[in-house]
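**Q** Just protein34.csv, nothing more (CSV, C-alpha atoms):
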```csv
chain,number,residue,atom,x,y,z
A,1,MET,CA,92.6,107.0,116.4
A,2,SER,CA,93.4,109.5,119.1
A,3,GLU,CA,95.6,112.6,118.4
A,4,THR,CA,97.7,111.6,121.4
A,5,ASP,CA,98.5,108.1,120.1
A,6,PRO,CA,101.8,107.3,118.5
A,7,LEU,CA,101.4,107.3,114.7
A,8,LEU,CA,102.2,103.8,113.5
A,9,MET,CA,103.9,104.1,110.0
A,10,ILE,CA,105.6,100.7,110.3
A,11,PRO,CA,104.7,97.7,108.1
A,12,GLY,CA,102.4,96.5,110.9
A,13,PRO,CA,100.9,96.6,113.4
A,14,THR,CA,98.9,99.5,112.0
A,15,ASN,CA,96.6,102.2,113.3
A,16,LEU,CA,93.2,101.1,114.6
A,17,PRO,CA,90.0,102.8,113.4
A,18,PRO,CA,87.5,103.9,116.1
A,19,GLU,CA,85.0,101.3,115.0
A,20,VAL,CA,87.6,98.6,115.5
A,21,ARG,CA,88.5,99.9,118.9
A,22,GLU,CA,84.8,99.9,119.9
A,23,ALA,CA,84.4,96.3,118.7
A,24,LEU,CA,87.5,95.2,120.7
A,25,GLY,CA,86.0,96.7,123.8
A,26,GLY,CA,82.6,95.0,123.4
A,27,PRO,CA,81.2,92.3,125.8
A,28,GLY,CA,82.6,88.8,125.8
A,29,PHE,CA,80.5,86.1,124.1
A,30,TYR,CA,80.4,82.3,123.8
A,31,HIS,CA,82.6,81.0,121.0
A,32,ARG,CA,80.2,78.1,120.3
A,33,GLY,CA,77.1,80.3,120.3
A,34,GLU,CA,74.9,81.8,117.5
A,35,LEU,CA,76.7,85.1,117.6
A,36,MET,CA,80.0,83.5,116.7
A,37,GLY,CA,78.3,81.6,113.9
A,38,ARG,CA,76.9,84.9,112.5
A,39,LEU,CA,80.3,86.7,112.8
A,40,LEU,CA,82.1,83.9,111.1
A,41,GLU,CA,79.7,84.0,108.2
A,42,ARG,CA,80.1,87.7,107.8
A,43,CYS,CA,83.9,87.6,108.2
A,44,THR,CA,84.5,84.6,105.8
A,45,ALA,CA,82.3,86.2,103.1
A,46,GLY,CA,84.4,89.5,103.4
A,47,LEU,CA,87.7,87.6,103.3
A,48,ARG,CA,86.6,85.7,100.3
A,49,ARG,CA,85.9,88.9,98.5
A,50,LEU,CA,89.3,90.3,99.4
A,51,MET,CA,91.0,87.1,98.3
A,52,GLY,CA,89.1,86.8,95.1
A,53,ILE,CA,88.0,83.2,95.8
A,54,GLY,CA,84.8,81.2,95.8
A,55,GLY,CA,86.3,78.6,98.2
A,56,ASP,CA,87.0,78.6,101.9
A,57,ALA,CA,88.4,81.5,104.0
A,58,LEU,CA,89.7,80.0,107.3
A,59,ILE,CA,90.4,82.1,110.4
A,60,LEU,CA,93.1,81.1,112.8
A,61,THR,CA,94.1,82.6,116.2
A,62,SER,CA,97.8,83.0,115.4
A,63,SER,CA,100.2,85.3,113.7
A,64,GLY,CA,100.6,85.2,109.9
A,65,THR,CA,103.6,82.9,110.4
A,66,GLY,CA,101.2,80.3,112.0
A,67,ALA,CA,99.0,80.5,108.9
A,68,LEU,CA,102.0,80.0,106.7
A,69,GLU,CA,102.9,76.9,108.7
A,70,ALA,CA,99.3,75.7,108.4
A,71,ALA,CA,99.3,76.0,104.6
A,72,VAL,CA,102.6,74.2,104.3
A,73,THR,CA,101.7,71.3,106.6
A,74,THR,CA,98.1,70.9,105.4
A,75,PHE,CA,99.0,70.6,101.7
A,76,LEU,CA,102.5,69.2,101.5
A,77,SER,CA,104.3,66.0,102.5
A,78,PRO,CA,107.9,65.3,103.7
A,79,GLY,CA,110.1,64.9,100.7
A,80,ASP,CA,108.0,67.0,98.4
A,81,ARG,CA,110.2,69.0,96.0
A,82,VAL,CA,109.4,72.7,96.6
A,83,LEU,CA,110.6,75.8,94.9
A,84,ALA,CA,110.8,78.8,97.3
A,85,VAL,CA,111.1,82.2,95.8
A,86,GLN,CA,113.4,84.3,97.9
A,87,ALA,CA,114.1,88.0,97.5
A,88,GLY,CA,113.9,89.1,101.1
A,89,LYS,CA,113.3,88.1,104.7
A,90,PHE,CA,109.7,86.8,104.3
A,91,GLY,CA,110.3,84.7,101.2
A,92,GLU,CA,113.2,83.1,103.1
A,93,ARG,CA,110.9,82.4,106.1
A,94,LEU,CA,108.4,80.6,104.0
A,95,GLY,CA,111.1,78.3,102.6
A,96,GLU,CA,112.4,77.7,106.1
A,97,ILE,CA,109.0,76.5,107.3
A,98,ALA,CA,108.7,74.0,104.5
A,99,GLU,CA,112.3,72.8,105.2
A,100,VAL,CA,111.6,72.3,108.9
A,101,PHE,CA,108.7,69.9,108.1
A,102,GLY,CA,110.8,67.9,105.7
A,103,ALA,CA,110.2,69.3,102.3
A,104,ALA,CA,113.1,69.2,99.8
A,105,VAL,CA,113.3,73.0,99.3
A,106,THR,CA,115.2,74.6,96.3
A,107,PRO,CA,115.7,78.3,96.7
A,108,CYS,CA,115.0,80.5,93.7
A,109,VAL,CA,116.9,83.6,94.7
A,110,PHE,CA,116.5,87.1,93.4
A,111,GLU,CA,118.3,90.3,94.4
A,112,PRO,CA,116.5,92.2,97.1
A,113,GLY,CA,114.8,95.2,95.6
A,114,TRP,CA,114.1,93.5,92.4
A,115,PRO,CA,111.0,91.6,91.4
A,116,ALA,CA,111.0,87.8,90.9
A,117,ASP,CA,111.2,86.9,87.2
A,118,PRO,CA,108.4,84.6,86.1
A,119,ASP,CA,110.5,83.2,83.2
A,120,VAL,CA,113.3,82.2,85.6
A,121,ILE,CA,110.8,80.6,88.0
A,122,ARG,CA,109.3,78.7,85.1
A,123,ARG,CA,112.7,77.3,84.2
A,124,GLU,CA,113.5,76.5,87.8
A,125,LEU,CA,110.2,74.7,88.4
A,126,ALA,CA,110.9,72.4,85.4
A,127,ALA,CA,114.5,71.8,86.4
A,128,ALA,CA,113.7,70.9,90.0
A,129,ASP,CA,110.5,69.0,89.0
A,130,SER,CA,108.8,70.9,91.8
A,131,ARG,CA,105.5,69.8,93.3
A,132,ALA,CA,104.9,73.2,95.0
A,133,LEU,CA,105.8,76.9,94.7
A,134,LEU,CA,106.2,79.2,97.7
A,135,CYS,CA,106.2,82.9,97.2
A,136,ALA,CA,105.5,86.2,98.9
A,137,HIS,CA,103.2,88.5,96.9
A,138,ASN,CA,104.4,91.6,98.8
A,139,GLU,CA,107.9,91.4,100.3
A,140,THR,CA,107.7,93.5,103.4
A,141,SER,CA,111.4,93.6,104.0
A,142,THR,CA,112.3,95.3,100.7
A,143,GLY,CA,109.1,97.1,99.6
A,144,VAL,CA,108.7,95.0,96.5
A,145,THR,CA,105.5,93.5,95.1
A,146,HIS,CA,106.1,90.5,92.9
A,147,PRO,CA,104.1,89.8,89.7
A,148,ILE,CA,102.2,87.0,91.5
A,149,GLY,CA,99.7,86.4,88.7
A,150,GLU,CA,102.4,85.6,86.2
A,151,ILE,CA,104.3,83.6,88.7
A,152,ALA,CA,101.3,81.5,89.5
A,153,ALA,CA,100.7,80.9,85.8
A,154,ALA,CA,104.2,79.4,85.6
A,155,ALA,CA,103.4,77.2,88.6
A,156,ARG,CA,100.1,76.2,87.1
A,157,ASP,CA,101.7,75.2,83.8
A,158,ALA,CA,104.2,73.1,85.7
A,159,GLY,CA,101.5,71.4,87.8
A,160,ALA,CA,102.9,72.9,91.0
A,161,PHE,CA,100.7,73.8,94.0
A,162,THR,CA,101.0,77.5,95.0
A,163,ILE,CA,101.2,78.9,98.5
A,164,VAL,CA,101.3,82.7,98.6
A,165,ASP,CA,102.2,85.0,101.4
A,166,CYS,CA,99.8,88.0,101.2
A,167,VAL,CA,100.2,89.0,104.8
A,168,SER,CA,101.3,92.6,104.1
A,169,CYS,CA,99.1,93.3,101.1
A,170,LEU,CA,95.6,91.6,101.4
A,171,GLY,CA,93.1,94.5,101.7
A,172,GLY,CA,95.6,97.0,100.2
A,173,VAL,CA,96.1,95.7,96.7
A,174,PRO,CA,94.0,93.5,94.4
A,175,VAL,CA,94.3,89.7,95.0
A,176,GLN,CA,92.5,87.5,92.5
A,177,GLY,CA,93.0,84.0,93.9
A,178,ASP,CA,90.7,82.1,91.5
A,179,ASP,CA,91.6,84.0,88.4
A,180,TRP,CA,95.3,83.7,89.1
A,181,GLY,CA,95.2,80.2,90.3
A,182,LEU,CA,96.5,80.8,93.8
A,183,ASP,CA,95.9,77.6,95.7
A,184,ALA,CA,96.5,78.8,99.3
A,185,ILE,CA,96.5,82.5,100.2
A,186,VAL,CA,97.8,83.6,103.6
A,187,ALA,CA,97.2,86.9,105.4
A,188,GLY,CA,97.3,88.4,108.8
A,189,SER,CA,95.2,90.8,110.9
A,190,GLN,CA,97.7,93.5,111.8
A,191,LYS,CA,98.3,95.0,108.3
A,192,CYS,CA,95.8,96.3,105.8
A,193,LEU,CA,92.9,94.8,107.8
A,194,MET,CA,93.5,97.4,110.6
A,195,LEU,CA,93.4,95.0,113.6
A,196,PRO,CA,95.9,94.2,116.4
A,197,PRO,CA,98.0,91.1,115.8
A,198,GLY,CA,96.5,87.8,116.7
A,199,LEU,CA,94.4,86.5,113.7
A,200,ALA,CA,95.6,84.9,110.5
A,201,PHE,CA,93.7,83.8,107.5
A,202,VAL,CA,94.1,81.1,104.8
A,203,GLY,CA,92.1,81.2,101.6
A,204,VAL,CA,91.8,77.9,99.8
A,205,ARG,CA,90.5,77.4,96.3
A,206,ASP,CA,88.0,74.6,96.0
A,207,GLU,CA,90.3,72.7,93.6
A,208,ALA,CA,93.2,72.9,96.1
A,209,TRP,CA,91.7,70.5,98.7
A,210,ALA,CA,92.6,67.4,96.7
A,211,ALA,CA,96.3,68.1,97.7
A,212,ALA,CA,95.3,68.0,101.4
A,213,GLU,CA,93.9,64.5,101.0
A,214,ARG,CA,97.4,63.3,99.9
A,215,ALA,CA,99.5,65.4,102.4
A,216,THR,CA,101.2,63.7,105.3
A,217,MET,CA,103.1,66.5,107.1
A,218,PRO,CA,102.3,66.4,110.8
A,219,GLY,CA,99.9,69.0,112.3
A,220,TYR,CA,97.2,69.4,114.8
A,221,TYR,CA,96.3,72.9,115.8
A,222,PHE,CA,97.2,74.2,112.4
A,223,ASP,CA,95.5,71.5,110.4
A,224,LEU,CA,93.3,73.4,108.0
A,225,ARG,CA,91.1,70.3,107.3
A,226,ARG,CA,89.9,70.6,110.9
A,227,ALA,CA,89.3,74.3,110.5
A,228,ARG,CA,87.3,73.6,107.3
A,229,GLU,CA,85.2,71.0,109.0
A,230,SER,CA,84.4,73.2,112.0
A,231,LEU,CA,83.5,76.2,109.7
A,232,ARG,CA,80.8,74.1,108.2
A,233,ARG,CA,79.1,74.2,111.6
A,234,GLY,CA,79.7,77.9,112.1
A,235,GLN,CA,82.6,77.3,114.5
A,236,THR,CA,86.4,77.2,114.8
A,237,PRO,CA,88.0,73.9,115.9
A,238,TYR,CA,89.6,75.4,119.0
A,239,THR,CA,89.0,78.4,121.2
A,240,PRO,CA,89.4,81.6,119.0
A,241,ASN,CA,90.1,85.2,119.9
A,242,THR,CA,86.5,86.3,120.0
A,243,SER,CA,87.3,90.0,120.5
A,244,LEU,CA,89.5,90.0,117.4
A,245,ILE,CA,86.8,88.3,115.3
A,246,ALA,CA,84.3,90.9,116.4
A,247,ALA,CA,86.8,93.6,115.4
A,248,LEU,CA,87.4,91.8,112.1
A,249,ALA,CA,83.8,92.1,111.2
A,250,ALA,CA,83.9,95.8,112.0
A,251,SER,CA,87.1,96.2,109.8
A,252,LEU,CA,85.6,94.4,106.9
A,253,ASP,CA,82.4,96.5,107.2
A,254,LEU,CA,84.7,99.6,106.8
A,255,ILE,CA,86.4,98.2,103.8
A,256,GLU,CA,83.0,97.3,102.2
A,257,ALA,CA,81.6,100.8,102.9
A,258,GLU,CA,84.7,102.5,101.3
A,259,GLY,CA,84.6,100.0,98.3
A,260,LEU,CA,87.5,97.9,97.2
A,261,LYS,CA,88.4,100.0,94.2
A,262,SER,CA,88.5,103.1,96.5
A,263,VAL,CA,90.5,101.3,99.1
A,264,PHE,CA,93.1,100.1,96.5
A,265,ALA,CA,93.2,103.6,94.9
A,266,ARG,CA,93.8,105.2,98.3
A,267,HIS,CA,96.7,102.8,99.1
A,268,HIS,CA,98.2,103.6,95.7
A,269,ALA,CA,97.9,107.3,96.2
A,270,MET,CA,99.4,107.2,99.7
A,271,ALA,CA,102.3,105.1,98.4
A,272,GLU,CA,102.9,107.5,95.5
A,273,ALA,CA,102.9,110.3,98.1
A,274,VAL,CA,105.6,108.7,100.3
A,275,ARG,CA,107.7,107.8,97.3
A,276,ALA,CA,107.6,111.4,95.9
A,277,GLY,CA,108.3,112.8,99.4
A,278,MET,CA,111.4,110.7,99.8
A,279,GLN,CA,112.7,111.5,96.4
A,280,ALA,CA,112.1,115.2,97.0
A,281,ALA,CA,114.5,114.8,99.9
A,282,GLY,CA,117.1,113.4,97.5
A,283,LEU,CA,116.8,109.9,98.8
A,284,GLU,CA,116.8,106.7,96.7
A,285,LEU,CA,114.0,104.2,96.8
A,286,PHE,CA,115.2,100.7,97.5
A,287,ALA,CA,112.8,98.8,95.2
A,288,ARG,CA,113.1,99.2,91.5
A,289,GLU,CA,110.6,101.1,89.5
A,290,GLY,CA,107.7,99.0,88.4
A,291,CYS,CA,107.6,96.7,91.4
A,292,ARG,CA,107.2,99.2,94.2
A,293,SER,CA,104.8,98.2,96.9
A,294,ASP,CA,101.6,100.1,97.6
A,295,THR,CA,101.7,99.1,101.3
A,296,VAL,CA,105.3,99.7,102.4
A,297,THR,CA,108.2,101.8,101.0
A,298,ALA,CA,111.8,101.0,101.6
A,299,VAL,CA,114.3,103.9,101.3
A,300,ARG,CA,118.1,103.8,101.2
A,301,ALA,CA,119.9,105.7,103.9
A,302,PRO,CA,122.1,108.7,103.0
A,303,GLU,CA,125.7,107.6,103.0
A,304,GLY,CA,127.1,107.4,106.6
A,305,LEU,CA,123.7,107.5,108.3
A,306,ASP,CA,122.6,104.6,110.4
A,307,THR,CA,118.8,103.9,110.0
A,308,VAL,CA,118.7,102.3,113.5
A,309,GLU,CA,119.4,105.8,114.8
A,310,LEU,CA,117.0,107.4,112.4
A,311,VAL,CA,114.1,105.2,113.6
A,312,ARG,CA,114.9,106.0,117.2
A,313,VAL,CA,115.2,109.8,116.6
A,314,VAL,CA,112.0,110.0,114.6
A,315,ALA,CA,110.1,108.2,117.4
A,316,GLU,CA,111.6,110.2,120.3
A,317,ARG,CA,111.2,113.6,118.7
A,318,ASN,CA,107.9,113.2,116.9
A,319,ASP,CA,106.1,110.1,118.2
A,320,VAL,CA,106.0,108.6,114.7
A,321,LEU,CA,107.1,105.0,114.3
A,322,ILE,CA,108.9,103.9,111.2
A,323,SER,CA,111.0,100.8,110.7
A,324,GLY,CA,114.6,100.0,109.9
A,325,GLY,CA,116.0,97.2,107.7
A,326,GLN,CA,116.1,93.5,108.5
A,327,GLY,CA,118.9,91.1,108.3
A,328,GLU,CA,121.6,92.2,105.9
A,329,LEU,CA,119.7,95.4,105.3
A,330,LYS,CA,119.8,96.5,108.9
A,331,GLY,CA,121.2,100.0,109.2
A,332,THR,CA,121.2,100.7,105.5
A,333,ILE,CA,117.5,101.2,104.7
A,334,PHE,CA,114.4,102.4,106.5
A,335,ARG,CA,110.8,101.5,105.8
A,336,ILE,CA,107.5,103.4,106.0
A,337,GLY,CA,104.3,101.4,106.1
A,338,HIS,CA,101.2,103.0,104.5
A,339,MET,CA,98.5,100.4,104.9
A,340,GLY,CA,95.1,100.2,106.5
A,341,LEU,CA,94.0,103.4,108.2
A,342,VAL,CA,96.3,105.8,106.4
A,343,ARG,CA,95.2,109.3,105.0
A,344,PHE,CA,97.3,112.1,103.6
A,345,GLU,CA,97.5,113.9,107.0
A,346,HIS,CA,99.4,110.8,108.3
A,347,ILE,CA,101.7,111.0,105.3
A,348,GLU,CA,102.3,114.7,105.9
A,349,ARG,CA,103.1,114.2,109.6
A,350,THR,CA,105.5,111.3,108.7
A,351,LEU,CA,107.4,113.2,106.1
A,352,GLN,CA,107.9,116.1,108.4
A,353,ALA,CA,109.0,113.8,111.2
A,354,VAL,CA,111.5,112.0,108.9
A,355,ALA,CA,112.9,115.3,107.6
A,356,ASP,CA,113.4,116.4,111.2
A,357,GLY,CA,115.1,113.1,112.1
A,358,LEU,CA,117.4,113.3,109.1
A,359,ALA,CA,118.3,116.9,109.9
A,360,ASN,CA,119.0,115.9,113.5
A,361,LEU,CA,121.5,113.3,112.2
A,362,GLY,CA,123.2,115.7,109.8
A,363,TYR,CA,121.3,115.2,106.6
A,364,GLU,CA,119.6,118.4,105.6
A,365,CYS,CA,116.3,118.3,103.7
A,366,ASN,CA,113.2,120.4,103.5
A,367,GLY,CA,110.1,118.8,105.0
A,368,ASP,CA,107.8,121.3,103.4
A,369,GLU,CA,109.2,120.5,100.0
A,370,MET,CA,108.7,116.8,100.7
A,371,VAL,CA,105.1,117.4,101.6
A,372,TRP,CA,104.4,119.5,98.5
A,373,ALA,CA,105.9,116.8,96.3
A,374,ALA,CA,103.8,114.2,98.1
A,375,ALA,CA,100.6,116.1,97.7
A,376,GLU,CA,101.2,116.6,94.0
A,377,ALA,CA,101.8,112.9,93.6
A,378,ALA,CA,98.7,112.0,95.5
A,379,GLY,CA,96.5,114.6,93.9
A,380,VAL,CA,95.6,116.3,97.1
A,381,GLY,CA,95.9,119.9,98.4
A,382,VAL,CA,97.9,121.0,101.4
A,383,SER,CA,97.3,124.0,103.6
```
Would you give me this structure, written as structure tokens?
**A**
Amino acid sequence: MSETDPLLMIPGPTNLPPEVREALGGPGFYHRGELMGRLLERCTAGLRRLMGIGGDALILTSSGTGALEAAVTTFLSPGDRVLAVQAGKFGERLGEIAEVFGAAVTPCVFEPGWPADPDVIRRELAAADSRALLCAHNETSTGVTHPIGEIAAAARDAGAFTIVDCVSCLGGVPVQGDDWGLDAIVAGSQKCLMLPPGLAFVGVRDEAWAAAERATMPGYYFDLRRARESLRRGQTPYTPNTSLIAALAASLDLIEAEGLKSVFARHHAMAEAVRAGMQAAGLELFAREGCRSDTVTAVRAPEGLDTVELVRVVAERNDVLISGGQGELKGTIFRIGHMGLVRFEHIERTLQAVADGLANLGYECNGDEMVWAAAEAAGVGVS
């Protein structure tokens, strides 16, 4: 990452490591050749480790939304009763995809900023006689991480197939697909995996493929059965983004070299730093304590301050990109992503930039105090 680059502290796309940039700039190669076969083998092995599954890890050239559609249409049928956990924008999107393809979707709504309650979900699954459960593990729009292991246990007890959106957390927090009973795990390239947008991934437990044999939703490009069949031959069913797959191998090598425990610990420490810095400025975190995400933090705006303006001012004055709220939260919260290639020096620069932006809009706070609080929370020293 060059010192002259804008600092991306949004919930994706994220900053690119030098090794990833180098891989992206490498020579082109044949997508049906031996090199592609070797890359797919490396990449799928790394993805399976991140997902905690012994089954298939399938790579699609699409956004994460495409992979969500692929999971829905491969494993469900029109008319299937589906419970969709909704506590933010991305939980809503998953339910909308299923509804478009003819599923009978029942929303299970929780207040934004609060975690989904597994006991409520258990009751709703039984009441709706649901065949499937849709849920985001990490709700990007609110900075909440849901207790997906407990939620999946409720689904398993009800005999419901689980499709889980891990787009903004895979590679930043533990995901234990087999142990938790997650049938389909969806992720994207531009978050914790430190790549540009354009690849998406679906991890499928071995036991989950029986559902695909019964499914009748329409699909062609996003049919995961085709992807699975091609992967057996070391290929993808259609022309993939070869440069991004080469870069994915580089990214997974970096994660492997750092070690998963260290990667998760770093994400947690950086999240704690951001949270402490915001609270030192007298700001309120949007997500409730106990469910706060280690990859994105949502912060309530000071009264009378429009976060659309804050995002603009922070970018214009300091070349640091943060995000505002989405939907009904637009203007009232701002979000800081801390996923992928994020070190404390990035947190320090971001906190100083936010303090400057807040001051420019009439809310006084001390950037140095924010940094000191962040450093203490993360257990690092500052100069």
**Q** When you count only C-alpha atoms, which of these residues is closest to A:Val371: A:Gly277, A:Gly357, A:Gly327, A:Gly55?
**A**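 Counting only C-alpha atoms, the residue closest to A:Val371 is A:Gly277.
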**Q** Taking all atoms listed in the file into account, which of A:Val85, A:Ala154, A:Val109, A:Val167 comes nearest A:Gly66?
**A**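 Distance minimum relative to A:Gly66 lands on A:Val167.
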**Q** Applying 7 Å and all atoms listed in the file, which residues near A:Leu341 remain after dropping the ones on its own chain fewer than 6 positions away? List them as JSON, numbers by chain.
**A** {"A": [15, 16, 17, 194]}
**Q** Give me the residues near A:Cys166 as a ChimeraX atom specification, where near means some atom within 9 Å (using all atoms listed in the file) and where sequence neighbours in that chain fewer than 6 positions away do not count.
**A** /A:136-139,175,185-188
**Q** Do you know which residues are at most 10 Å from stretch 122-124 of chain A counting only C-alpha atoms, after dropping those on the same chain fewer than 4 positions away, and could you put them as a list of chain:residue names?
**A**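 Here the answer would be A:Leu83, A:Thr106, A:Pro107, A:Cys108, A:Asp117, A:Pro118, A:Ala128, A:Asp129, A:Ser130, A:Glu150, A:Ile151, A:Ala152, A:Ala153, A:Ala154, A:Ala155, A:Arg156, A:Asp157, A:Ala158.
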**Q** I'd like the neighbourhood of A:Ala132 as an NGL selection string, where a residue qualifies if any of its atoms comes within 10 Å (using only C-alpha atoms), though same-chain residues fewer than 3 positions away should be ignored.
**A** :A and (72 or 75-76 or 80-84 or 103 or 105 or 125 or 129 or 155-156 or 158-163)
**Q** Could you please determine the separation between atom CA of A:Ala315 and atom CA of A:Ala287 in Å, to one decimal place?
**A**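 Pair atom CA of A:Ala315 / atom CA of A:Ala287 returns 24.3 Å.
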**Q** To one decimal in Å, tell me the separation between atom CA of A:Asp206 and atom CA of A:Ser251.
**A**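 Interatomic distance here is 25.6 Å.
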**Q** As a PyMOL selection string, please: the residues near A:Lys89 (cut-off 10 Å, all atoms listed in the file, same-chain neighbours under 6 positions excluded).
**A** chain A and resi 112+136+139-142+325-329
**Q** Take the point (92.7, 86.6, 119.0) as written in the file and pick out every residue within 8 Å of it, counting only C-alpha atoms; give the list as a list of chain:residue names.
**A**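 It turns out the residues near that spot are A:Thr61, A:Ser62, A:Pro197, A:Gly198, A:Leu199, A:Pro240, A:Asn241, A:Thr242, A:Ser243, A:Leu244, A:Ile245.
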**Q** Pick from A:Glu111, A:Thr145, A:Gly177, A:Thr4: nearest to A:Met51, with only C-alpha atoms counted?
**A** A:Gly177
**Q** Taking only C-alpha atoms into account, which of A:Lys191, A:Ala127, A:Gly203, A:Gly25 comes nearest A:Ala70?
**A** A:Gly203
**Q** Give me, as a tab-separated table, the closest atom pair and its distance (Å, one decimal) for every residue of stretch 20-110 of chain A within a cut-off of 10 Å of stretch 254-263 of chain A, counting all atoms listed in the file, rows sorted by chain and rising number.
**A**
```
residue	atom	partner	partner_atom	distance
A:Val20	CA	A:Leu254	CA	9.2
A:Gly46	CA	A:Glu256	CA	8.0
A:Arg49	CA	A:Leu260	CA	9.2
A:Leu50	CA	A:Leu260	CA	8.1
```
**Q** For each of A:Ala265, A:Val296, A:Ala23, A:Ala249, take the minimum atom-to-atom distance to A:Ala45, counting only C-alpha atoms, then give the residue where this is smallest.
**A**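 Checking each candidate against A:Ala45, we get A:Ala249 as the closest.
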**Q** Return the single residue from A:Ala246, A:Tyr221, A:Leu7, A:Pro27 that is closest to A:Glu348, with distances computed using all atoms listed in the file.
**A**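 Using all atoms listed in the file, the shortest distance to A:Glu348 belongs to A:Leu7.
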**Q** Record the distance separating atom CA of A:Pro11 and atom CA of A:Ile336, expressed in Å with one decimal.
**A** 6.7 Å
